[in-house]
file final29.txt (compact mmCIF, C-alpha atoms and all ligand atoms)
# COMPACT_ATOMS: atom_id res chain seq x y z
CA MET Q 1 0.00 0.00 0.00
CA SER Q 2 2.75 2.47 0.96
CA TYR Q 3 4.44 1.74 -2.37
CA ILE Q 4 1.28 2.76 -4.24
CA ILE Q 5 1.17 6.05 -2.31
CA VAL Q 6 4.86 6.71 -3.07
CA PHE Q 7 4.22 5.86 -6.75
CA ILE Q 8 1.32 8.35 -6.96
CA PHE Q 9 3.37 10.96 -5.06
CA GLY Q 10 6.23 10.40 -7.55
CA SER Q 11 3.97 10.70 -10.58
CA ILE Q 12 2.65 14.05 -9.28
CA TRP Q 13 6.22 15.34 -8.95
CA GLY Q 14 6.89 13.90 -12.41
CA SER Q 15 4.02 16.02 -13.65
CA PHE Q 16 5.58 19.07 -11.97
CA SER Q 17 8.91 18.17 -13.62
CA ASN Q 18 7.14 18.16 -17.00
CA VAL Q 19 5.93 21.70 -16.36
CA CYS Q 20 9.52 22.78 -15.51
CA ILE Q 21 10.97 20.97 -18.54
CA HIS Q 22 8.63 22.83 -20.88
CA ARG Q 23 8.53 26.25 -19.25
CA ILE Q 24 12.02 26.96 -17.84
CA PRO Q 25 13.73 27.10 -21.29
CA ASP Q 26 11.12 29.71 -22.34
CA ASN Q 27 11.50 31.67 -19.08
CA LEU Q 28 7.87 31.07 -18.13
CA SER Q 29 6.60 30.77 -14.58
CA VAL Q 30 6.34 27.19 -13.38
CA ILE Q 31 3.79 28.06 -10.72
CA TYR Q 32 1.33 30.41 -12.40
CA GLY Q 33 -0.74 29.69 -15.46
CA ARG Q 34 -2.55 26.51 -16.47
CA SER Q 35 -1.20 24.15 -19.10
CA HIS Q 36 -2.30 24.50 -22.70
CA CYS Q 37 -2.35 22.09 -25.60
CA PRO Q 38 0.63 23.12 -27.77
CA ALA Q 39 -1.41 22.49 -30.93
CA CYS Q 40 -4.83 24.10 -30.34
CA LYS Q 41 -3.81 26.30 -27.34
CA LYS Q 42 -6.94 25.24 -25.40
CA GLN Q 43 -6.49 25.04 -21.66
CA ILE Q 44 -6.15 21.49 -20.41
CA LYS Q 45 -8.94 20.62 -17.97
CA TRP Q 46 -7.92 19.31 -14.55
CA TYR Q 47 -9.40 15.89 -15.23
CA ASP Q 48 -7.29 15.62 -18.38
CA ASN Q 49 -4.18 16.56 -16.40
CA ILE Q 50 -3.95 13.57 -14.08
CA PRO Q 51 -0.40 12.16 -14.08
CA LEU Q 52 0.00 8.95 -16.16
CA LEU Q 53 -3.75 8.18 -16.19
CA SER Q 54 -4.90 11.01 -18.49
CA PHE Q 55 -2.32 10.04 -21.10
CA ILE Q 56 -3.72 6.49 -21.21
CA ILE Q 57 -7.40 7.52 -21.04
CA LEU Q 58 -6.97 10.11 -23.81
CA LYS Q 59 -4.96 7.57 -25.85
CA ALA Q 60 -2.14 10.15 -26.18
CA GLN Q 61 -4.41 12.66 -27.95
CA CYS Q 62 -5.70 16.12 -27.08
CA ARG Q 63 -9.43 15.95 -26.19
CA ASP Q 64 -10.18 19.06 -28.26
CA CYS Q 65 -8.07 18.82 -31.39
CA SER Q 66 -6.83 15.20 -31.29
CA ALA Q 67 -3.24 16.37 -31.70
CA LYS Q 68 -0.82 13.72 -30.53
CA ILE Q 69 0.53 14.22 -27.00
CA ASN Q 70 4.28 13.66 -26.85
CA THR Q 71 5.13 10.33 -25.17
CA LYS Q 72 7.87 12.22 -23.32
CA TYR Q 73 5.27 13.58 -20.83
CA PHE Q 74 4.27 10.06 -19.93
CA MET Q 75 7.89 8.85 -19.75
CA VAL Q 76 8.92 11.69 -17.41
CA GLU Q 77 6.04 10.90 -15.03
CA LEU Q 78 6.72 7.17 -15.14
CA ILE Q 79 10.50 7.55 -14.63
CA THR Q 80 9.95 9.87 -11.65
CA ALA Q 81 7.29 7.62 -10.08
CA LEU Q 82 9.44 4.48 -10.46
CA SER Q 83 12.54 6.28 -9.13
CA PHE Q 84 10.56 7.39 -6.06
CA VAL Q 85 9.42 3.79 -5.44
CA PHE Q 86 13.01 2.54 -5.81
CA ILE Q 87 14.36 5.21 -3.42
CA PHE Q 88 11.62 4.38 -0.89
CA TYR Q 89 12.41 0.67 -1.26
CA LEU Q 90 16.08 1.36 -0.44
CA PHE Q 91 15.77 3.95 2.35
CA GLY Q 92 12.17 3.87 3.62
CA LEU Q 93 10.72 6.87 5.41
CA THR Q 94 13.99 8.73 6.15
CA SER Q 95 15.64 12.06 5.41
CA THR Q 96 17.87 10.14 2.97
CA SER Q 97 14.78 9.29 0.90
CA LEU Q 98 13.60 12.88 1.03
CA LEU Q 99 17.00 14.11 -0.20
CA PHE Q 100 17.04 11.59 -3.05
CA PHE Q 101 13.47 12.54 -4.02
CA ILE Q 102 14.64 16.15 -4.40
CA LEU Q 103 17.76 15.15 -6.34
CA CYS Q 104 15.67 12.87 -8.54
CA ILE Q 105 13.31 15.71 -9.54
CA GLY Q 106 16.30 18.00 -10.26
CA PHE Q 107 18.07 15.36 -12.33
CA VAL Q 108 14.95 14.51 -14.35
CA ILE Q 109 14.40 18.20 -15.21
CA ILE Q 110 18.06 18.82 -16.13
CA PHE Q 111 18.28 15.59 -18.15
CA PHE Q 112 15.37 16.43 -20.45
CA ILE Q 113 16.05 20.17 -20.78
CA ASP Q 114 19.72 19.65 -21.67
CA LEU Q 115 18.85 16.85 -24.10
CA LYS Q 116 16.63 19.18 -26.13
CA HIS Q 117 17.92 22.70 -25.55
CA PHE Q 118 21.61 22.17 -24.68
CA ILE Q 119 21.23 24.24 -21.51
CA ILE Q 120 21.40 23.36 -17.81
CA PRO Q 121 19.27 25.95 -16.01
CA ASN Q 122 20.63 27.78 -12.95
CA GLU Q 123 17.07 27.64 -11.57
CA ILE Q 124 17.75 23.96 -10.87
CA THR Q 125 21.51 23.78 -10.21
CA TYR Q 126 21.69 26.63 -7.66
CA PRO Q 127 19.00 25.21 -5.32
CA LEU Q 128 20.58 21.74 -5.63
CA ILE Q 129 23.99 23.16 -4.69
CA LEU Q 130 22.46 24.87 -1.66
CA ILE Q 131 20.60 21.75 -0.52
CA GLY Q 132 23.67 19.60 -1.20
CA PHE Q 133 25.74 21.75 1.13
CA LEU Q 134 23.12 22.39 3.83
CA LYS Q 135 22.21 18.71 4.11
CA SER Q 136 25.73 18.10 5.51
CA PHE Q 137 24.50 19.63 8.77
CA ASP Q 138 21.58 17.17 9.11
CA PRO Q 139 22.24 15.25 12.37
CA ASN Q 140 20.63 12.13 10.84
CA LEU Q 141 22.79 12.34 7.72
CA ASN Q 142 23.48 9.02 6.03
CA ILE Q 143 27.27 9.21 6.36
CA PHE Q 144 27.88 6.21 4.15
CA LEU Q 145 26.37 8.06 1.18
CA PHE Q 146 26.86 11.73 2.00
CA PRO Q 147 30.07 13.58 2.95
CA ASN Q 148 30.61 15.98 5.86
CA PHE Q 149 30.43 19.71 5.12
CA ILE Q 150 34.16 20.20 4.43
CA ASN Q 151 34.28 17.29 2.00
CA SER Q 152 31.05 18.57 0.43
CA LEU Q 153 32.52 22.04 -0.07
CA ILE Q 154 35.76 20.67 -1.55
CA GLY Q 155 33.72 18.37 -3.81
CA GLY Q 156 31.59 21.23 -5.08
CA LEU Q 157 34.59 23.44 -5.87
CA PHE Q 158 36.55 20.54 -7.37
CA GLY Q 159 33.64 19.64 -9.66
CA TYR Q 160 33.22 23.20 -10.89
CA ILE Q 161 36.91 23.95 -11.40
CA ILE Q 162 37.70 20.75 -13.27
CA ILE Q 163 35.08 21.43 -15.97
CA TRP Q 164 36.00 25.11 -16.02
CA LEU Q 165 39.59 24.00 -16.75
CA ILE Q 166 38.47 21.62 -19.51
CA ILE Q 167 36.51 24.46 -21.12
CA PHE Q 168 39.49 26.80 -20.77
CA ILE Q 169 42.04 24.37 -22.25
CA TYR Q 170 39.70 23.30 -25.03
CA LYS Q 171 39.15 26.95 -25.95
CA LYS Q 172 42.92 27.57 -26.08
CA LEU Q 173 43.54 24.48 -28.23
CA ARG Q 174 40.58 24.45 -30.59
CA ASN Q 175 39.22 27.94 -30.15
CA LYS Q 176 35.83 26.36 -29.52
CA GLU Q 177 33.61 25.65 -26.58
CA GLY Q 178 33.25 21.94 -25.95
CA MET Q 179 31.21 22.19 -22.79
CA GLY Q 180 29.29 24.93 -21.04
CA LEU Q 181 29.42 26.35 -17.54
CA GLY Q 182 26.10 24.57 -16.98
CA ASP Q 183 28.07 21.32 -17.03
CA ALA Q 184 30.50 22.79 -14.48
CA LYS Q 185 27.60 23.72 -12.18
CA LEU Q 186 26.05 20.27 -12.57
CA LEU Q 187 29.31 18.54 -11.62
CA SER Q 188 29.54 20.99 -8.74
CA VAL Q 189 26.08 19.82 -7.60
CA ILE Q 190 27.35 16.22 -7.65
CA GLY Q 191 30.48 17.23 -5.69
CA PHE Q 192 28.41 19.04 -3.06
CA TRP Q 193 26.09 16.06 -2.71
CA PHE Q 194 28.56 13.18 -2.73
CA GLY Q 195 31.97 14.68 -1.90
CA TRP Q 196 35.20 15.08 -3.82
CA ILE Q 197 35.73 11.34 -4.22
CA SER Q 198 32.71 11.19 -6.56
CA ILE Q 199 34.18 13.65 -9.08
CA PRO Q 200 36.87 11.50 -10.83
CA PHE Q 201 34.49 8.52 -10.93
CA VAL Q 202 31.59 10.53 -12.35
CA ILE Q 203 33.86 12.07 -15.01
CA PHE Q 204 35.18 8.63 -15.92
CA PHE Q 205 31.78 6.91 -16.08
CA SER Q 206 30.05 9.74 -17.95
CA SER Q 207 32.85 10.04 -20.53
CA ALA Q 208 32.83 6.28 -21.05
CA VAL Q 209 29.05 6.19 -21.57
CA ALA Q 210 29.21 9.27 -23.85
CA LEU Q 211 31.94 7.70 -25.98
CA ILE Q 212 30.12 4.37 -26.27
CA SER Q 213 26.90 6.12 -27.25
CA VAL Q 214 28.47 8.21 -30.05
CA ILE Q 215 30.41 5.30 -31.60
CA PRO Q 216 27.45 4.05 -33.73
CA ASP Q 217 26.94 7.58 -35.12
CA LEU Q 218 30.67 7.95 -35.81
CA ILE Q 219 30.72 4.68 -37.73
CA LYS Q 220 27.69 5.70 -39.76
CA ASN Q 221 29.43 9.02 -40.32
CA LYS Q 222 26.43 10.92 -38.99
CA LYS Q 223 28.48 12.86 -36.48
CA LYS Q 224 32.01 14.11 -36.21
CA LEU Q 225 33.87 13.63 -32.95
CA SER Q 226 33.86 17.40 -32.63
CA SER Q 227 30.11 17.85 -32.99
CA GLN Q 228 28.37 19.13 -29.91
CA ILE Q 229 26.58 16.73 -27.61
CA PRO Q 230 24.69 17.68 -24.45
CA PHE Q 231 26.92 16.43 -21.64
CA GLY Q 232 24.49 16.96 -18.73
CA PRO Q 233 22.58 13.70 -19.30
CA TYR Q 234 25.89 11.80 -19.32
CA LEU Q 235 27.00 13.43 -16.05
CA ILE Q 236 23.70 12.33 -14.51
CA ILE Q 237 24.11 8.77 -15.81
CA GLY Q 238 27.73 8.82 -14.55
CA CYS Q 239 26.50 9.95 -11.13
CA LEU Q 240 23.92 7.14 -11.01
CA ILE Q 241 26.59 4.55 -11.89
CA PHE Q 242 28.77 6.00 -9.11
CA LEU Q 243 25.88 5.71 -6.62
CA PHE Q 244 25.16 2.10 -7.58
CA LEU Q 245 28.85 1.22 -7.17
CA ASN Q 246 29.27 3.48 -4.10
CA GLU Q 247 29.70 0.57 -1.70
CA GLN Q 248 32.24 -1.29 -3.85
CA ILE Q 249 34.21 1.89 -4.57
CA LYS Q 250 34.46 2.88 -0.90
CA LEU Q 251 35.37 -0.66 0.21
CA PHE Q 252 37.99 -0.82 -2.54
CA LEU Q 253 39.54 2.50 -1.53
CA ASN Q 254 39.72 1.55 2.15
ZN ZN G 301 -5.35 20.43 -28.67

call {"tool": "encode", "arguments": {"input": "final29.txt", "output": "structure tokens", "more": "lines below"}}
Ligand SMILES: [Zn+2]
result
Amino acid sequence: MSYIIVFIFGSIWGSFSNVCIHRIPDNLSVIYGRSHCPACKKQIKWYDNIPLLSFIILKAQCRDCSAKINTKYFMVELITALSFVFIFYLFGLTSTSLLFFILCIGFVIIFFIDLKHFIIPNEITYPLILIGFLKSFDPNLNIFLFPNFINSLIGGLFGYIIIWLIIFIYKKLRNKEGMGLGDAKLLSVIGFWFGWISIPFVIFFSSAVALISVIPDLIKNKKKLSSQIPFGPYLIIGCLIFLFLNEQIKLFLN
């Protein structure tokens, strides 16, 4: 029963993430204003705006104009809901779960905005940096997952500076920007949340996944190695791999 409640709770936050994903790049308010159908501009009624369910009931079509609703809306809600259930399964009703719920929402929003628009919004990274640092003072902090405040601060600075350096060197060498400062802020978020030890691993995992994923395109000659790819989603995937291997990595380093 509690899993069903967490699933519904997650799908609602997934729905909120959808609003952020579609409005933040256009600088629109995420709180005010009802959602409209992008095709016919009609306001979406509350009963057609129920997370996950409305998409299935409406068979992925707008009630008014029958325009197709992007499957991405459904995917975002489902991914968020399932992530919430998984977090709750791992950590139960704890402050650790609450922190991961927040990080999950932030990551989902950044992932989909960067994928489409090649930007990582400050509206998401700055609050995550703040929470990542402040959580270090939580007396019930899960110290196996989260660093103390000094480690958190070093991690955040380390993450930012290392990408800033990559950008700087790349600019000197190729006179081009390979990555943006948004990537630096995102890696800073990860450093603040998981400490300096996470940074080299996240860079390694995300670069490895990015390389593997562009190889098919390189072979088919669709992309050049120098063509721009959004790196934010790879940093997030790299961070997730780090978290799943967290125990092994820390045992190995001890
Ligand atoms: Zn419509």

call {"tool": "residues_around", "arguments": {"input": "final29.txt", "residues": "Ala184 (chain Q)", "least_positions_apart": "5", "cutoff": "9 Å", "atoms": "only C-alpha atoms", "output": "number ranges by chain"}}
result
Q: 159-164, 179, 189

call {"tool": "closest_residue", "arguments": {"input": "final29.txt", "among": "Q:Asn142, Q:Ser54, Q:Ser66, Q:Ser206", "to": "Ala39 (chain Q)", "atoms": "only C-alpha atoms"}}
result
Q:Ser66

call {"tool": "atom_distance", "arguments": {"input": "final29.txt", "atom1": "CA of Phe158 (chain Q)", "atom2": "CA of Leu115 (chain Q)"}}
result
24.6 Å

call {"tool": "residues_near_ligand", "arguments": {"input": "final29.txt", "ligand": "ligand ZN 301 (chain G)", "cutoff": "9 Å", "atoms": "all atoms listed in the file", "output": "list in words"}}
result
His36, Cys37, Pro38, Ala39, Cys40, Lys41, Lys42, Gln43, Ile44, Gln61, Cys62, Arg63, Asp64, Cys65, Ser66, Ala67, Lys68 and Ile69 of chain Q

call {"tool": "residues_around", "arguments": {"input": "final29.txt", "residues": "Gly10 (chain Q)", "least_positions_apart": "3", "cutoff": "7 Å", "atoms": "only C-alpha atoms", "output": "ChimeraX atom specification"}}
result
/Q:6-7,13-14,80-81,84

call {"tool": "residues_near_point", "arguments": {"input": "final29.txt", "point": "(5.5, 15.4, -10.7)", "cutoff": "12 Å", "atoms": "all atoms listed in the file", "output": "CSV table (one decimal) with C-alpha atoms, keeping the file's coordinate frame"}}
result
chain,number,residue,atom,x,y,z
Q,6,VAL,CA,4.9,6.7,-3.1
Q,7,PHE,CA,4.2,5.9,-6.8
Q,8,ILE,CA,1.3,8.4,-7.0
Q,9,PHE,CA,3.4,11.0,-5.1
Q,10,GLY,CA,6.2,10.4,-7.6
Q,11,SER,CA,4.0,10.7,-10.6
Q,12,ILE,CA,2.6,14.0,-9.3
Q,13,TRP,CA,6.2,15.3,-9.0
Q,14,GLY,CA,6.9,13.9,-12.4
Q,15,SER,CA,4.0,16.0,-13.6
Q,16,PHE,CA,5.6,19.1,-12.0
Q,17,SER,CA,8.9,18.2,-13.6
Q,18,ASN,CA,7.1,18.2,-17.0
Q,19,VAL,CA,5.9,21.7,-16.4
Q,20,CYS,CA,9.5,22.8,-15.5
Q,21,ILE,CA,11.0,21.0,-18.5
Q,49,ASN,CA,-4.2,16.6,-16.4
Q,50,ILE,CA,-4.0,13.6,-14.1
Q,51,PRO,CA,-0.4,12.2,-14.1
Q,52,LEU,CA,0.0,9.0,-16.2
Q,73,TYR,CA,5.3,13.6,-20.8
Q,74,PHE,CA,4.3,10.1,-19.9
Q,75,MET,CA,7.9,8.8,-19.8
Q,76,VAL,CA,8.9,11.7,-17.4
Q,77,GLU,CA,6.0,10.9,-15.0
Q,78,LEU,CA,6.7,7.2,-15.1
Q,79,ILE,CA,10.5,7.6,-14.6
Q,80,THR,CA,10.0,9.9,-11.6
Q,81,ALA,CA,7.3,7.6,-10.1
Q,82,LEU,CA,9.4,4.5,-10.5
Q,83,SER,CA,12.5,6.3,-9.1
Q,84,PHE,CA,10.6,7.4,-6.1
Q,101,PHE,CA,13.5,12.5,-4.0
Q,102,ILE,CA,14.6,16.2,-4.4
Q,104,CYS,CA,15.7,12.9,-8.5
Q,105,ILE,CA,13.3,15.7,-9.5
Q,106,GLY,CA,16.3,18.0,-10.3
Q,108,VAL,CA,15.0,14.5,-14.4
Q,109,ILE,CA,14.4,18.2,-15.2

call {"tool": "build_atoms", "arguments": {"input": "final29.txt", "residues": "region 178-209 of chain Q", "atoms": "N, CA and C atoms", "output": "mmCIF file, in the coordinates of the input"}}
result
data_model
loop_
_atom_site.group_PDB
_atom_site.id
_atom_site.type_symbol
_atom_site.label_atom_id
_atom_site.label_comp_id
_atom_site.auth_asym_id
_atom_site.auth_seq_id
_atom_site.Cartn_x
_atom_site.Cartn_y
_atom_site.Cartn_z
ATOM 1 N N GLY Q 178 33.695 23.339 -25.929
ATOM 2 C CA GLY Q 178 33.250 21.940 -25.950
ATOM 3 C C GLY Q 178 32.127 21.706 -24.966
ATOM 4 N N MET Q 179 32.226 22.340 -23.824
ATOM 5 C CA MET Q 179 31.210 22.190 -22.790
ATOM 6 C C MET Q 179 30.820 23.572 -22.307
ATOM 7 N N GLY Q 180 29.714 23.644 -21.564
ATOM 8 C CA GLY Q 180 29.290 24.930 -21.040
ATOM 9 C C GLY Q 180 29.483 24.999 -19.540
ATOM 10 N N LEU Q 181 29.312 26.195 -18.994
ATOM 11 C CA LEU Q 181 29.420 26.350 -17.540
ATOM 12 C C LEU Q 181 28.279 25.630 -16.823
ATOM 13 N N GLY Q 182 27.192 25.359 -17.551
ATOM 14 C CA GLY Q 182 26.100 24.570 -16.980
ATOM 15 C C GLY Q 182 26.607 23.200 -16.550
ATOM 16 N N ASP Q 183 27.482 22.611 -17.373
ATOM 17 C CA ASP Q 183 28.070 21.320 -17.030
ATOM 18 C C ASP Q 183 28.920 21.443 -15.762
ATOM 19 N N ALA Q 184 29.665 22.557 -15.656
ATOM 20 C CA ALA Q 184 30.500 22.790 -14.480
ATOM 21 C C ALA Q 184 29.630 22.870 -13.218
ATOM 22 N N LYS Q 185 28.490 23.582 -13.337
ATOM 23 C CA LYS Q 185 27.600 23.720 -12.180
ATOM 24 C C LYS Q 185 26.967 22.379 -11.815
ATOM 25 N N LEU Q 186 26.646 21.579 -12.846
ATOM 26 C CA LEU Q 186 26.050 20.270 -12.570
ATOM 27 C C LEU Q 186 27.052 19.359 -11.852
ATOM 28 N N LEU Q 187 28.310 19.367 -12.298
ATOM 29 C CA LEU Q 187 29.310 18.540 -11.620
ATOM 30 C C LEU Q 187 29.577 19.075 -10.208
ATOM 31 N N SER Q 188 29.428 20.390 -10.055
ATOM 32 C CA SER Q 188 29.540 20.990 -8.740
ATOM 33 C C SER Q 188 28.414 20.486 -7.817
ATOM 34 N N VAL Q 189 27.203 20.388 -8.366
ATOM 35 C CA VAL Q 189 26.080 19.820 -7.600
ATOM 36 C C VAL Q 189 26.467 18.429 -7.092
ATOM 37 N N ILE Q 190 26.990 17.599 -8.003
ATOM 38 C CA ILE Q 190 27.350 16.220 -7.650
ATOM 39 C C ILE Q 190 28.432 16.216 -6.563
ATOM 40 N N GLY Q 191 29.418 17.127 -6.694
ATOM 41 C CA GLY Q 191 30.480 17.230 -5.690
ATOM 42 C C GLY Q 191 29.938 17.627 -4.321
ATOM 43 N N PHE Q 192 29.021 18.611 -4.312
ATOM 44 C CA PHE Q 192 28.410 19.040 -3.060
ATOM 45 C C PHE Q 192 27.601 17.907 -2.418
ATOM 46 N N TRP Q 193 26.953 17.116 -3.253
ATOM 47 C CA TRP Q 193 26.090 16.060 -2.710
ATOM 48 C C TRP Q 193 26.891 14.859 -2.233
ATOM 49 N N PHE Q 194 27.928 14.469 -3.010
ATOM 50 C CA PHE Q 194 28.560 13.180 -2.730
ATOM 51 C C PHE Q 194 30.059 13.290 -2.418
ATOM 52 N N GLY Q 195 30.590 14.509 -2.325
ATOM 53 C CA GLY Q 195 31.970 14.680 -1.900
ATOM 54 C C GLY Q 195 32.967 14.598 -3.049
ATOM 55 N N TRP Q 196 34.199 14.984 -2.751
ATOM 56 C CA TRP Q 196 35.200 15.080 -3.820
ATOM 57 C C TRP Q 196 35.529 13.734 -4.451
ATOM 58 N N ILE Q 197 35.382 12.656 -3.691
ATOM 59 C CA ILE Q 197 35.730 11.340 -4.220
ATOM 60 C C ILE Q 197 34.855 10.966 -5.422
ATOM 61 N N SER Q 198 33.629 11.543 -5.472
ATOM 62 C CA SER Q 198 32.710 11.190 -6.560
ATOM 63 C C SER Q 198 33.163 11.769 -7.904
ATOM 64 N N ILE Q 199 33.900 12.900 -7.853
ATOM 65 C CA ILE Q 199 34.180 13.650 -9.080
ATOM 66 C C ILE Q 199 34.952 12.832 -10.137
ATOM 67 N N PRO Q 200 36.151 12.260 -9.794
ATOM 68 C CA PRO Q 200 36.870 11.500 -10.830
ATOM 69 C C PRO Q 200 36.054 10.327 -11.363
ATOM 70 N N PHE Q 201 35.289 9.664 -10.477
ATOM 71 C CA PHE Q 201 34.490 8.520 -10.930
ATOM 72 C C PHE Q 201 33.383 8.964 -11.874
ATOM 73 N N VAL Q 202 32.695 10.059 -11.510
ATOM 74 C CA VAL Q 202 31.590 10.530 -12.350
ATOM 75 C C VAL Q 202 32.121 10.973 -13.721
ATOM 76 N N ILE Q 203 33.278 11.658 -13.726
ATOM 77 C CA ILE Q 203 33.860 12.070 -15.010
ATOM 78 C C ILE Q 203 34.206 10.836 -15.842
ATOM 79 N N PHE Q 204 34.802 9.840 -15.200
ATOM 80 C CA PHE Q 204 35.180 8.630 -15.920
ATOM 81 C C PHE Q 204 33.962 7.903 -16.488
ATOM 82 N N PHE Q 205 32.958 7.650 -15.630
ATOM 83 C CA PHE Q 205 31.780 6.910 -16.080
ATOM 84 C C PHE Q 205 31.018 7.672 -17.164
ATOM 85 N N SER Q 206 30.846 8.989 -16.967
ATOM 86 C CA SER Q 206 30.050 9.740 -17.950
ATOM 87 C C SER Q 206 30.761 9.833 -19.291
ATOM 88 N N SER Q 207 32.103 9.997 -19.267
ATOM 89 C CA SER Q 207 32.850 10.040 -20.530
ATOM 90 C C SER Q 207 32.775 8.702 -21.225
ATOM 91 N N ALA Q 208 32.884 7.617 -20.457
ATOM 92 C CA ALA Q 208 32.830 6.280 -21.050
ATOM 93 C C ALA Q 208 31.477 6.051 -21.714
ATOM 94 N N VAL Q 209 30.389 6.389 -21.007
ATOM 95 C CA VAL Q 209 29.050 6.190 -21.570
ATOM 96 C C VAL Q 209 28.853 7.088 -22.796
#
